[in-house]
Structures are given as structure tokens and as C-alpha cells.
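Trainee: Got a structure for you, written out below as C-alpha cells; questions coming shortly.
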There are 2 protein chains.
Amino acid sequence: MPGLDLTADVVALTRAICDIETVSDHEGPLADAIEAAVRGLPHLVVRRYGDTVVARTELGRDARVVIAGHIDTVPVNGNLPTRIDSIAGEEVLIGRGTVDMKGGVAVQLKLAAEVTEPVIDVTWIWYDHEEVAEALNGLNVLSQTHPEELAGDFAILGEPTGAGIEGGCNGNLRAEIRTFGRRSHSARGWVGVNAIHRAAPILDRLAAYEAATVEVDGLAYREGLNAVGISGGVAGNVIPDECMVHVNYRFAPSRSPEEAVEHVREVFEGFDVRIVDLAGGARPGLDVPVARDFVAAVGAVPRPKYGWTDVARFARLGVPAVNYGPGDPLLAHADDERVPTDQIRACEAGLRAWLTRA
Amino acid sequence: MPGLDLTADVVALTRAICDIETVSDHEGPLADAIEAAVRGLPHLVVRRYGDTVVARTELGRDARVVIAGHIDTVPVNGNLPTRIDSIAGEEVLIGRGTVDMKGGVAVQLKLAAEVTEPVIDVTWIWYDHEEVAEALNGLNVLSQTHPEELAGDFAILGEPTGAGIEGGCNGNLRAEIRTFGRRSHSARGWVGVNAIHRAAPILDRLAAYEAATVEVDGLAYREGLNAVGISGGVAGNVIPDECMVHVNYRFAPSRSPEEAVEHVREVFEGFDVRIVDLAGGARPGLDVPVARDFVAAVGAVPRPKYGWTDVARFARLGVPAVNYGPGDPLLAHADDERVPTDQIRACEAGLRAWLTRA
């Protein structure tokens, strides 16, 4: 593995990072490369926790911002290595991770190296396992084992926002909805009870579900309830005795996690419901002075964030947090994931302007 | 390997055969023993094909019956050697193969040896590889390499029927029904198209499907259309772009395979349907005189057979065929596979009565 050159152009750096495949649970090589690249920088105090790397300035500033980005991606689907192309006259970098969120990570790495005397102390965090279960999430693990590393007056996640500022985020719940039946040979299906057929109302309710849009602190949050998986079956000649529908509920930050659980139980009343993942949302949190300064320096109009991001983790810790990163979030996880290179440069410029302002 | 004593009591003969383990692809030793036992009988012409043994009378009778049984079993699961026990006052022989179908094979072997001048010419066939892929099935191989060995006016398979007569069998079709959508991050589910939600009507149609009961040649065949598997999903935070429902259609023997395909395509109209397995059924074939004689001699009321068996192979060759053997078919392949010994004796008596009738 060649080392990362943090002085390179930010787009070249994004490519270099994307071309190191880091599907969740395989972040090690990139974490190694990041650690090696920042370990030698004299203005940073660097610590490694698993595949999470923390690099802090210790300048004794009045305030501290935590700027974080995850280094894992969803599975690659023939969309690596990256390539540069032009779409409608705009230069884009195409490939897994370009949007979610190695563009943001590249901006952070470059500024971590180059902005040696920021006007606010910075805790840079690059972490693992964001795309999988909450329990594995590197930032979650860090918040439990070393909560002091997340301390700050404000936090910025580099999740894709189209280089705008997105405040707060929806909550995230996953549940397994199960039906049960009785096995029999399918030649005598009437002796058994078909668990897959019994799952029909689950899919009907999902297909008919109308998601709400909820206004919170002036921003409108759109909810969603979706099947993200389904499984069942024993063999080609056996009536199945179990079927499981894996559902994902994204809920507005005005709902508590408990209210979200109750809602899902209501929607799937009559079925076996097991909550397997639950994370509350975060209200926008743009009313603190350091957040207002950041918004002013970047010059963007804040919008709501739909996806659950780790800003909610900071919100739980009492740290206001926003998302700010290159890339259209609608292309996150898409096979044709791609980021306009201008957005990567815009985020670099915006964040640099704020960290170095007079 | 001690030789088989075909003059022994039929239950003792069944035990002896069962205690020779013949999981599919390991039939050799039993085929050797059978060949050795019938090779010396002067009233039979014996030929061996792989692990299939054919023994024919050549008495110049007006008609010929093919009486066949497979000598392989599904895997042994701690249920050999056989043992005799009493359940609810009934003597039972317990162990792998007692039901499927070495009881029937024992009856056939004993009568092959003892009924030296049957009133109808008999082609006895003991064959291998019935419990595995169609291409390996000994009867299938014989039908392709030496179809003349299967020629006859009627055929009897010794598959378990509880010592009753089960005519014909349902056809068997398996298909994969697919829906497609468009992936997106589940935080913005409205950008994607959820293929699992789109599968709701497939499950609705299956749940609402009322299987027909079709009368064929006087017997009522109960059909069935069932999901035997379902799958879909990419990750816990991705709107899935594909969902597949694996369905199994058991269709009355009055329907051709082509009609069965058409029916399934109609039921799932609007969806992507791929047929992955298709085997036609067999009409009961009880209207030919030789079959009527057999039914009268056994004194049983014919019932439909639901499971697919090798009678369908004879039906394809234009030979009416029925199943007649000891054991409850619901116990076939079960770990507690067991046959009432009275049923073995009843089948011996019934078949002997017909073959020796005045």
C-alpha cells in the first residue's frame, strides 16, 4: 500500500482513498494509511482506536470543533476503481465511496495536514463501520470507551450534502417482522401452513404506507418506512414455516426512539416484531454561536438532513452538529455514485475559510 | 455380504435389505445381492444395467406388467440397523428405507422368486438413484438406453401407499417470480423503487389462490400453488432493486406441462416468470382391463397419488401405472421412518393374489 499524499490536490486525494476498497469491516488498510499520514504531523496529537484514527490540535483555543468522517463504504458493485468523466459539461469523479463519503474524508485529511493553526481547536476523527450495525460503528464505540474524544462545542460530519449545510437528521430504526407456519411436503401443501403467504399483509401495509413530512425547528423532515430485505424458505418441495421481512423506518427528530418503536409496532400489529437497530434523530441545532459562524463562513442556507448520520450521536452528547460534504446524497449507495469535483473543492474552500478566518 | 434368502418371511427379507445401507450412489452391494439371488432362478431372464437389475418372465402371456422399485434411500440418520417394535399394539419395522421403499422391494423380490408361473408376464425392475437428480435415475437411464425393458400393458411401482392403490400423480412445476425496482439509500426511499413492496401482489395472489381439485379418470387430484422461498434485499439501508418469490405448482395430471406453465404465467401476469423445473403428471390409468383386474384382486379403492413418482415416466411411455406398497408416504424420508409389518404382508398377499388368480 503506497502512502497517502495529503498535499496532493483534493480530487486526486479523493481518488486515492476511494481506490482503496473499504467495504465495512475491511477498513484496516485505509486506517493504517491515514494513521501513517497524520502521525508525523507536529501540530497534531494522534491516537488510534481499532480502525478509528483521532488527530487533535491542542492550541488552547476558546472553542473546539469535532470534524469527523467515516472511511467505510457499502459493497462495491463493479464501480471501482474510480474514473473521471464529464457529465453535461461538469467534471465528475465516479465510483463507490466518491459520495458516501470519501470526498468529505479527503477534504478533512487535506485540511488536517495543511491548516496547522486553525482559529478553533479541531478534533479530526476518521472512523469505521458506519454503514453497518450501530453497535459496530466506530464513533459509537469511541463515544462509549473514550467519550472525551468527542467533546467539543460544535461538530461537523463530512456526509454528502451537495456542499451545502444540512442540519439535524432523522432517526433510524430497523426491525424484523416475522410470520410463522408449519412445514409440510409441498405435494401436500394443505397439511402445512405457508409462512410466506402469511407475510402478504406485511408487504401490503408497506406498499400502502404514506410517509409523513414533519417540521422541526423550521426545517421539514420527510420520513420513510421500507422493506430492506425479505427471506424465507426451506427447500423447493417444502412449505416454509417462517418468513422474515426486514424493515427500516426513518423518523423525524421530533419523535423519540420509543415513539418510533410504538409506531412500527402499530403498523405491523398482529405480527412478531423485533427491533434490531434503533438510533434517535437530531434536531437541527443551528442556534449556537459557533454554528452560526460556520454557516456564515460557508455562506449556505441550512436544509434538513434526511438520512440518519452520526450528527445524532453528537446531539445526544449535547454537541450541536451539522453535515457538510461534497456529493449528492441521493447518489449515496447508488451503483453510479459520482461527485462533481467542484463540490469537493468547494467544501475544501468553505471549511478552510472558516478554520482560518481572521 | 451374505446372500439374500428370497424364501424367507417377507418382513425378515425387508429387514435384511434395509440393513444393507444404500444411500443413493451406493446401491452396488444390494444390486449385486439382488442379481445373485435372481440370476439362478430358471423362470427368469436376468439382465444388469449399472446398478439396475431387470428380471423377466417369458411365458408368452397375453399381457405384460412391469413391477418396479428403487433400491436407494435418502441419507441414514442414526436410524439403522432396523428394529422391530410395537406401537399402539401394532408391530412395526423401524429404520431408514422401511417405508421408502424397501418393504415394497422385498415384496417384489419374494414374489419374483416364488410366483414362477404368473398369469401375466412380469418384468421386475429394481433400480438405483431414484432419490436424487432425474438425470441419474436408473429407470430414466433405462428408458433412454433400453426402452424395450419398460414395455408393458401396465406398471406397478412399489412406492409407499399404506398398502392401498394410488393412481397416477400430480405434475410438478417450479418457477421464480421476480420484481424489479431501483436502488437508493433508504434514508431517501422515495428516490428509489422498492422491489420488495412490488412483490406484495405476488404474495396476495398466492394467499388468495384457491387450489383446484380436479377429477381425472374418476380420482380427485388436489392441486397446490405455494411459495417455497422468497429473497430480496441488499443491505439494511438500501432500497432493494430485486425480489424473487420461488413458487411450486403441483398440477393435476389432466393438465399438460404446457398448460401448467400457461396457468402460472396467468396467475402471475405482469411479473417476470422463469420456469426452473417442470415434470408432467400421470393420469391414473385405471381404465385399462389389466388395471381393473389388479384393483379387483387387491380389493382396494384407488386413491390419487399427490407426490410425483416414477409412474409419470411410464405414463409418458404410454404405459398406465399405479403405486402400490407398504408404508405411510408421510413418513418417507422422516427420521422415524417405520412400516407396520402387516402392510408388508398385505402387499405380498395382494400382489400374489393378482399374479396367481385363476
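Labels used: A, B, ... for chains in the order of the C-alpha cells, numbers from 1 for residues in each chain, and numbers from 1 for ligands as shown.
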For the interface of chain B with chain A (cut-off 6 Å, counting only C-alpha atoms), please tabulate each contacting residue of chain B alongside its nearest pair of atoms and their separation in Å to one decimal, rows sorted by chain and increasing number, as a tab-separated table.

Mentor:
```
residue	atom	partner	partner_atom	distance
B:Ser184	CA	A:Ala334	CA	5.9
B:His185	CA	A:His333	CA	6.0
B:Ala187	CA	A:Gly307	CA	4.4
B:His197	CA	A:Ala207	CA	5.1
B:Ala200	CA	A:Leu203	CA	4.9
B:Leu203	CA	A:Ala200	CA	4.9
B:Asp204	CA	A:Ala200	CA	5.4
B:Ala207	CA	A:His197	CA	5.0
B:Val228	CA	A:Gly233	CA	5.3
B:Gly229	CA	A:Gly233	CA	3.9
B:Ile230	CA	A:Gly232	CA	5.2
B:Ser231	CA	A:Ser231	CA	4.6
B:Gly232	CA	A:Ile230	CA	5.2
B:Gly233	CA	A:Gly229	CA	3.9
B:Gly236	CA	A:Val228	CA	5.6
B:Ile239	CA	A:Val228	CA	5.7
B:Pro240	CA	A:Val228	CA	5.9
B:Tyr306	CA	A:Ala187	CA	5.7
B:Gly307	CA	A:Ala187	CA	5.2
```

Trainee: On all C-alpha atoms matched in order, how well does chain A superpose onto chain B? Give the RMSD in Å.

Mentor: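 Computed value for the CA RMSD is 3.0 Å.
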
Trainee: Give me every strand (DSSP E) residue in stretch 114-291 of chain B, going by DSSP on the backbone, as a VMD selection string.

Mentor: chain B and resid 121 to 127 154 to 157 165 to 167 171 to 180 184 to 185 213 to 216 219 to 222 224 to 233 238 to 239 242 to 251 272 to 279

Trainee: Please list as a PDB file with C-alpha atoms, in the first residue's frame every residue within 8 Å of stretch 67-71 of chain A, counting only C-alpha atoms and excluding residues in the same chain fewer than 4 positions away.

Mentor:
```
ATOM      1  CA  THR A  22     -13.052  -0.349   2.357  1.00  0.00           C
ATOM      2  CA  GLU A  27     -11.230  -0.560   6.810  1.00  0.00           C
ATOM      3  CA  LEU A  30      -7.090   2.736   4.864  1.00  0.00           C
ATOM      4  CA  ALA A  31      -6.990   3.359   8.615  1.00  0.00           C
ATOM      5  CA  MET A 101     -18.135   9.785   1.899  1.00  0.00           C
ATOM      6  CA  LYS A 102     -14.555   9.706   0.843  1.00  0.00           C
ATOM      7  CA  GLY A 104     -15.547  14.531   2.617  1.00  0.00           C
ATOM      8  CA  VAL A 105     -12.776  12.477   4.189  1.00  0.00           C
ATOM      9  CA  GLN A 108     -10.759  16.720   6.074  1.00  0.00           C
ATOM     10  CA  VAL A 122     -10.064  20.804  15.939  1.00  0.00           C
ATOM     11  CA  THR A 123     -10.562  17.122  16.754  1.00  0.00           C
ATOM     12  CA  TRP A 124     -10.396  15.219  13.478  1.00  0.00           C
ATOM     13  CA  ILE A 125     -11.938  11.722  13.612  1.00  0.00           C
ATOM     14  CA  TRP A 126     -11.886   9.149  10.809  1.00  0.00           C
ATOM     15  CA  TYR A 127     -13.861   6.079  11.801  1.00  0.00           C
ATOM     16  CA  ASP A 128     -15.001   2.638  10.713  1.00  0.00           C
ATOM     17  CA  HIS A 129     -18.222   0.629  10.453  1.00  0.00           C
ATOM     18  CA  GLU A 130     -20.656   3.469   9.814  1.00  0.00           C
ATOM     19  CA  ALA A 155     -19.346  19.104  15.341  1.00  0.00           C
ATOM     20  CA  ILE A 156     -19.255  18.750  11.575  1.00  0.00           C
ATOM     21  CA  LEU A 157     -19.784  15.458   9.790  1.00  0.00           C
ATOM     22  CA  GLY A 158     -18.495  15.268   6.244  1.00  0.00           C
ATOM     23  CA  GLU A 159     -21.528  13.337   4.953  1.00  0.00           C
TER      24      GLU A 159
END
```

Trainee: Suppose you want the space between atom CA of B:Gly218 and atom CA of B:Phe314; what is it in Å?

Mentor: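 Straight-line distance from atom CA of B:Gly218 to atom CA of B:Phe314 works out to 19.5 Å.
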
Trainee: Could you pull out the alpha helix (DSSP H) residues of stretch 74-220 of chain A from DSSP and send them as a ChimeraX atom specification?

Mentor: /A:103-114,138-145,195-198,200-208

Trainee: In Å, with one decimal, what is the gap from atom CA of B:Arg47 to atom CA of B:Ala349?

Mentor: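 Separating atom CA of B:Arg47 from atom CA of B:Ala349 is a distance of 26.8 Å.
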
Trainee: Go through B:Leu13, B:Leu150, B:Leu41, B:Ala212 one by one, measure the shortest atom-to-atom distance of each to B:Arg345 using only C-alpha atoms, and give the residue with the smallest value.

Mentor: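 The closest residue to B:Arg345 is B:Leu13.
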
Trainee: Excluding stretch 54-65 of chain A and its own-chain neighbours fewer than 5 positions away, which residues fall within 9 Å of it when counting only C-alpha atoms? Please give them as number ranges by chain.

Mentor: A: 35, 38-39, 43-49, 112, 116-127, 149, 151-156, 290

Trainee: Print the selection's residues with N, CA and C atoms to a file, as a PDB file, in the first residue's frame.

Mentor:
```
ATOM      1  N   GLU A  35      -3.456   6.838   9.428  1.00  0.00           N
ATOM      2  CA  GLU A  35      -2.648   6.997  10.641  1.00  0.00           C
ATOM      3  C   GLU A  35      -1.207   7.363  10.268  1.00  0.00           C
ATOM      4  N   VAL A  38      -0.898  11.086   9.105  1.00  0.00           N
ATOM      5  CA  VAL A  38      -1.054  12.177  10.075  1.00  0.00           C
ATOM      6  C   VAL A  38      -0.136  12.023  11.279  1.00  0.00           C
ATOM      7  N   ARG A  39       0.377  10.818  11.482  1.00  0.00           N
ATOM      8  CA  ARG A  39       1.199  10.536  12.670  1.00  0.00           C
ATOM      9  C   ARG A  39       2.430  11.455  12.730  1.00  0.00           C
ATOM     10  N   HIS A  43       1.753  19.320  14.484  1.00  0.00           N
ATOM     11  CA  HIS A  43       0.688  20.104  15.135  1.00  0.00           C
ATOM     12  C   HIS A  43      -0.474  19.225  15.586  1.00  0.00           C
ATOM     13  N   LEU A  44      -0.378  17.903  15.362  1.00  0.00           N
ATOM     14  CA  LEU A  44      -1.496  17.019  15.714  1.00  0.00           C
ATOM     15  C   LEU A  44      -1.081  15.978  16.745  1.00  0.00           C
ATOM     16  N   VAL A  45      -2.002  15.717  17.669  1.00  0.00           N
ATOM     17  CA  VAL A  45      -1.849  14.614  18.606  1.00  0.00           C
ATOM     18  C   VAL A  45      -2.711  13.471  18.059  1.00  0.00           C
ATOM     19  N   VAL A  46      -2.061  12.352  17.744  1.00  0.00           N
ATOM     20  CA  VAL A  46      -2.770  11.281  17.034  1.00  0.00           C
ATOM     21  C   VAL A  46      -2.947  10.068  17.936  1.00  0.00           C
ATOM     22  N   ARG A  47      -4.162   9.514  17.924  1.00  0.00           N
ATOM     23  CA  ARG A  47      -4.422   8.275  18.663  1.00  0.00           C
ATOM     24  C   ARG A  47      -5.229   7.337  17.777  1.00  0.00           C
ATOM     25  N   ARG A  48      -4.999   6.038  17.961  1.00  0.00           N
ATOM     26  CA  ARG A  48      -5.691   5.040  17.137  1.00  0.00           C
ATOM     27  C   ARG A  48      -6.509   4.143  18.051  1.00  0.00           C
ATOM     28  N   TYR A  49      -7.770   3.943  17.685  1.00  0.00           N
ATOM     29  CA  TYR A  49      -8.650   3.040  18.431  1.00  0.00           C
ATOM     30  C   TYR A  49      -9.258   2.067  17.424  1.00  0.00           C
ATOM     31  N   ALA A 112      -6.564  18.859   7.663  1.00  0.00           N
ATOM     32  CA  ALA A 112      -5.904  18.448   8.906  1.00  0.00           C
ATOM     33  C   ALA A 112      -4.403  18.634   8.771  1.00  0.00           C
ATOM     34  N   THR A 116      -2.452  24.246   9.979  1.00  0.00           N
ATOM     35  CA  THR A 116      -1.700  23.881  11.187  1.00  0.00           C
ATOM     36  C   THR A 116      -2.081  24.761  12.374  1.00  0.00           C
ATOM     37  N   GLU A 117      -2.665  25.939  12.117  1.00  0.00           N
ATOM     38  CA  GLU A 117      -3.049  26.817  13.215  1.00  0.00           C
ATOM     39  C   GLU A 117      -4.474  27.308  13.058  1.00  0.00           C
ATOM     40  N   PRO A 118      -5.441  26.420  13.136  1.00  0.00           N
ATOM     41  CA  PRO A 118      -6.849  26.833  12.970  1.00  0.00           C
ATOM     42  C   PRO A 118      -7.257  27.787  14.094  1.00  0.00           C
ATOM     43  N   VAL A 119      -8.253  28.631  13.793  1.00  0.00           N
ATOM     44  CA  VAL A 119      -8.697  29.613  14.792  1.00  0.00           C
ATOM     45  C   VAL A 119      -9.510  28.953  15.898  1.00  0.00           C
ATOM     46  N   ILE A 120      -9.907  27.726  15.700  1.00  0.00           N
ATOM     47  CA  ILE A 120     -10.644  26.964  16.696  1.00  0.00           C
ATOM     48  C   ILE A 120      -9.932  25.613  16.790  1.00  0.00           C
ATOM     49  N   ASP A 121      -9.805  25.075  18.002  1.00  0.00           N
ATOM     50  CA  ASP A 121      -9.169  23.757  18.095  1.00  0.00           C
ATOM     51  C   ASP A 121     -10.040  22.722  17.377  1.00  0.00           C
ATOM     52  N   VAL A 122      -9.349  21.801  16.730  1.00  0.00           N
ATOM     53  CA  VAL A 122     -10.064  20.804  15.939  1.00  0.00           C
ATOM     54  C   VAL A 122      -9.717  19.394  16.433  1.00  0.00           C
ATOM     55  N   THR A 123     -10.757  18.559  16.565  1.00  0.00           N
ATOM     56  CA  THR A 123     -10.562  17.122  16.754  1.00  0.00           C
ATOM     57  C   THR A 123     -11.021  16.442  15.468  1.00  0.00           C
ATOM     58  N   TRP A 124     -10.064  15.943  14.700  1.00  0.00           N
ATOM     59  CA  TRP A 124     -10.396  15.219  13.478  1.00  0.00           C
ATOM     60  C   TRP A 124     -10.612  13.737  13.842  1.00  0.00           C
ATOM     61  N   ILE A 125     -11.689  13.147  13.337  1.00  0.00           N
ATOM     62  CA  ILE A 125     -11.938  11.722  13.612  1.00  0.00           C
ATOM     63  C   ILE A 125     -12.304  11.021  12.304  1.00  0.00           C
ATOM     64  N   TRP A 126     -11.536   9.983  11.973  1.00  0.00           N
ATOM     65  CA  TRP A 126     -11.886   9.149  10.809  1.00  0.00           C
ATOM     66  C   TRP A 126     -12.176   7.754  11.344  1.00  0.00           C
ATOM     67  N   TYR A 127     -13.403   7.268  11.076  1.00  0.00           N
ATOM     68  CA  TYR A 127     -13.861   6.079  11.801  1.00  0.00           C
ATOM     69  C   TYR A 127     -14.449   5.023  10.879  1.00  0.00           C
ATOM     70  N   GLU A 149     -12.971  12.077  23.698  1.00  0.00           N
ATOM     71  CA  GLU A 149     -12.501  12.365  22.337  1.00  0.00           C
ATOM     72  C   GLU A 149     -13.588  13.070  21.509  1.00  0.00           C
ATOM     73  N   ALA A 151     -15.686  15.316  22.820  1.00  0.00           N
ATOM     74  CA  ALA A 151     -16.058  16.573  23.472  1.00  0.00           C
ATOM     75  C   ALA A 151     -15.768  17.755  22.555  1.00  0.00           C
ATOM     76  N   GLY A 152     -16.664  18.746  22.569  1.00  0.00           N
ATOM     77  CA  GLY A 152     -16.458  19.921  21.735  1.00  0.00           C
ATOM     78  C   GLY A 152     -17.654  20.845  21.838  1.00  0.00           C
ATOM     79  N   ASP A 153     -17.546  22.018  21.168  1.00  0.00           N
ATOM     80  CA  ASP A 153     -18.636  22.989  21.194  1.00  0.00           C
ATOM     81  C   ASP A 153     -19.528  22.857  19.964  1.00  0.00           C
ATOM     82  N   PHE A 154     -19.034  22.110  19.010  1.00  0.00           N
ATOM     83  CA  PHE A 154     -19.745  22.020  17.731  1.00  0.00           C
ATOM     84  C   PHE A 154     -19.129  20.826  16.998  1.00  0.00           C
ATOM     85  N   ALA A 155     -19.902  20.220  16.112  1.00  0.00           N
ATOM     86  CA  ALA A 155     -19.346  19.104  15.341  1.00  0.00           C
ATOM     87  C   ALA A 155     -19.808  19.196  13.898  1.00  0.00           C
ATOM     88  N   ILE A 156     -18.929  18.767  13.014  1.00  0.00           N
ATOM     89  CA  ILE A 156     -19.255  18.750  11.575  1.00  0.00           C
ATOM     90  C   ILE A 156     -18.959  17.347  11.059  1.00  0.00           C
ATOM     91  N   VAL A 290     -21.167  29.275  17.533  1.00  0.00           N
ATOM     92  CA  VAL A 290     -20.139  28.696  16.678  1.00  0.00           C
ATOM     93  C   VAL A 290     -20.768  28.107  15.411  1.00  0.00           C
TER      94      VAL A 290
END
```

Trainee: Pick the closest to A:Glu259 from A:Gly50, A:Arg303, A:Val76, A:Leu173: which is it, counting only C-alpha atoms?

Mentor: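 Of the candidates, the smallest distance to A:Glu259 is held by A:Leu173.
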
Trainee: Tell me, in Å to one decimal, how far atom CA of A:Tyr324 is from atom CA of A:Ile165.

Mentor: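 A separation of 5.1 Å between them.
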
Trainee: Name the closest residue to A:Ala300 among the candidates A:Val53, A:Val214, A:Ala16, A:Cys347; distances are taken between atoms, counting only C-alpha atoms.

Mentor: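 Between A:Val53, A:Val214, A:Ala16, A:Cys347, the residue approaching A:Ala300 most closely is A:Cys347.
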
Trainee: Please, which residues in stretch 255-305 of chain A fall within 12 Å of stretch 135-145 of chain A when counting only C-alpha atoms, and what is the closest atom pair and distance in Å to one decimal for each, ordered by chain then residue number, as a Markdown table?

Mentor:
```
| residue | atom | partner | partner_atom | distance |
| --- | --- | --- | --- | --- |
| A:Val276 | CA | A:Ala135 | CA | 10.5 |
| A:Asp277 | CA | A:Ala135 | CA | 8.6 |
| A:Leu278 | CA | A:Ala135 | CA | 10.1 |
| A:Ala279 | CA | A:Ala135 | CA | 10.5 |
```

Trainee: When distances are computed from only C-alpha atoms, which of B:Ala106, B:Val311, B:Cys18, B:Ile84 shows the smallest separation from B:Asp72?

Mentor: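 Ranking B:Ala106, B:Val311, B:Cys18, B:Ile84 by distance to B:Asp72, first place goes to B:Cys18.
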
Trainee: Which of these, B:Asp272, B:Glu348, B:Glu262, B:Glu166, has the shortest distance to B:Ala321 once you count only C-alpha atoms?

Mentor: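 Comparing B:Asp272, B:Glu348, B:Glu262, B:Glu166 against B:Ala321, the winner is B:Glu166.
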
Trainee: When you look at A:Val11 with a cut-off of 12 Å (counting only C-alpha atoms), what residues show up, excluding the ones that are within fewer than 6 positions of it in the same chain? I need them as number ranges by chain.

Mentor: A: 5, 17-18, 82-84, 91-94, 98, 102-107, 109-110, 326, 339-348

Trainee: I need the residues from that last selection saved to file as an mmCIF file, in the first residue's frame (with C-alpha atoms), if you can.

Mentor:
```
data_model
loop_
_atom_site.group_PDB
_atom_site.id
_atom_site.type_symbol
_atom_site.label_atom_id
_atom_site.label_comp_id
_atom_site.auth_asym_id
_atom_site.auth_seq_id
_atom_site.Cartn_x
_atom_site.Cartn_y
_atom_site.Cartn_z
ATOM 1 C CA ASP A 5 -0.040 12.234 -0.033
ATOM 2 C CA ILE A 17 -8.831 6.992 -0.927
ATOM 3 C CA CYS A 18 -11.719 5.611 -2.986
ATOM 4 C CA THR A 82 -12.804 5.390 -9.797
ATOM 5 C CA ARG A 83 -12.766 7.277 -13.063
ATOM 6 C CA ILE A 84 -13.100 10.910 -14.073
ATOM 7 C CA GLU A 91 -16.284 17.152 -14.282
ATOM 8 C CA VAL A 92 -17.304 14.268 -12.055
ATOM 9 C CA LEU A 93 -15.447 11.592 -10.131
ATOM 10 C CA ILE A 94 -17.305 8.288 -10.474
ATOM 11 C CA THR A 98 -16.972 9.162 -4.038
ATOM 12 C CA LYS A 102 -14.555 9.706 0.843
ATOM 13 C CA GLY A 103 -14.798 13.125 -0.826
ATOM 14 C CA GLY A 104 -15.547 14.531 2.617
ATOM 15 C CA VAL A 105 -12.776 12.477 4.189
ATOM 16 C CA ALA A 106 -10.270 13.765 1.611
ATOM 17 C CA VAL A 107 -11.230 17.391 2.375
ATOM 18 C CA LEU A 109 -7.424 14.954 5.651
ATOM 19 C CA LYS A 110 -6.024 17.710 3.482
ATOM 20 C CA PRO A 326 -19.419 17.069 -1.284
ATOM 21 C CA VAL A 339 -19.403 13.537 -7.248
ATOM 22 C CA PRO A 340 -18.808 16.798 -9.121
ATOM 23 C CA THR A 341 -15.173 17.605 -8.447
ATOM 24 C CA ASP A 342 -16.152 21.278 -7.975
ATOM 25 C CA GLN A 343 -18.095 20.280 -4.861
ATOM 26 C CA ILE A 344 -15.045 18.639 -3.327
ATOM 27 C CA ARG A 345 -13.068 21.809 -3.949
ATOM 28 C CA ALA A 346 -15.937 23.995 -2.656
ATOM 29 C CA CYS A 347 -16.017 22.076 0.635
ATOM 30 C CA GLU A 348 -12.280 22.341 0.956
#
```
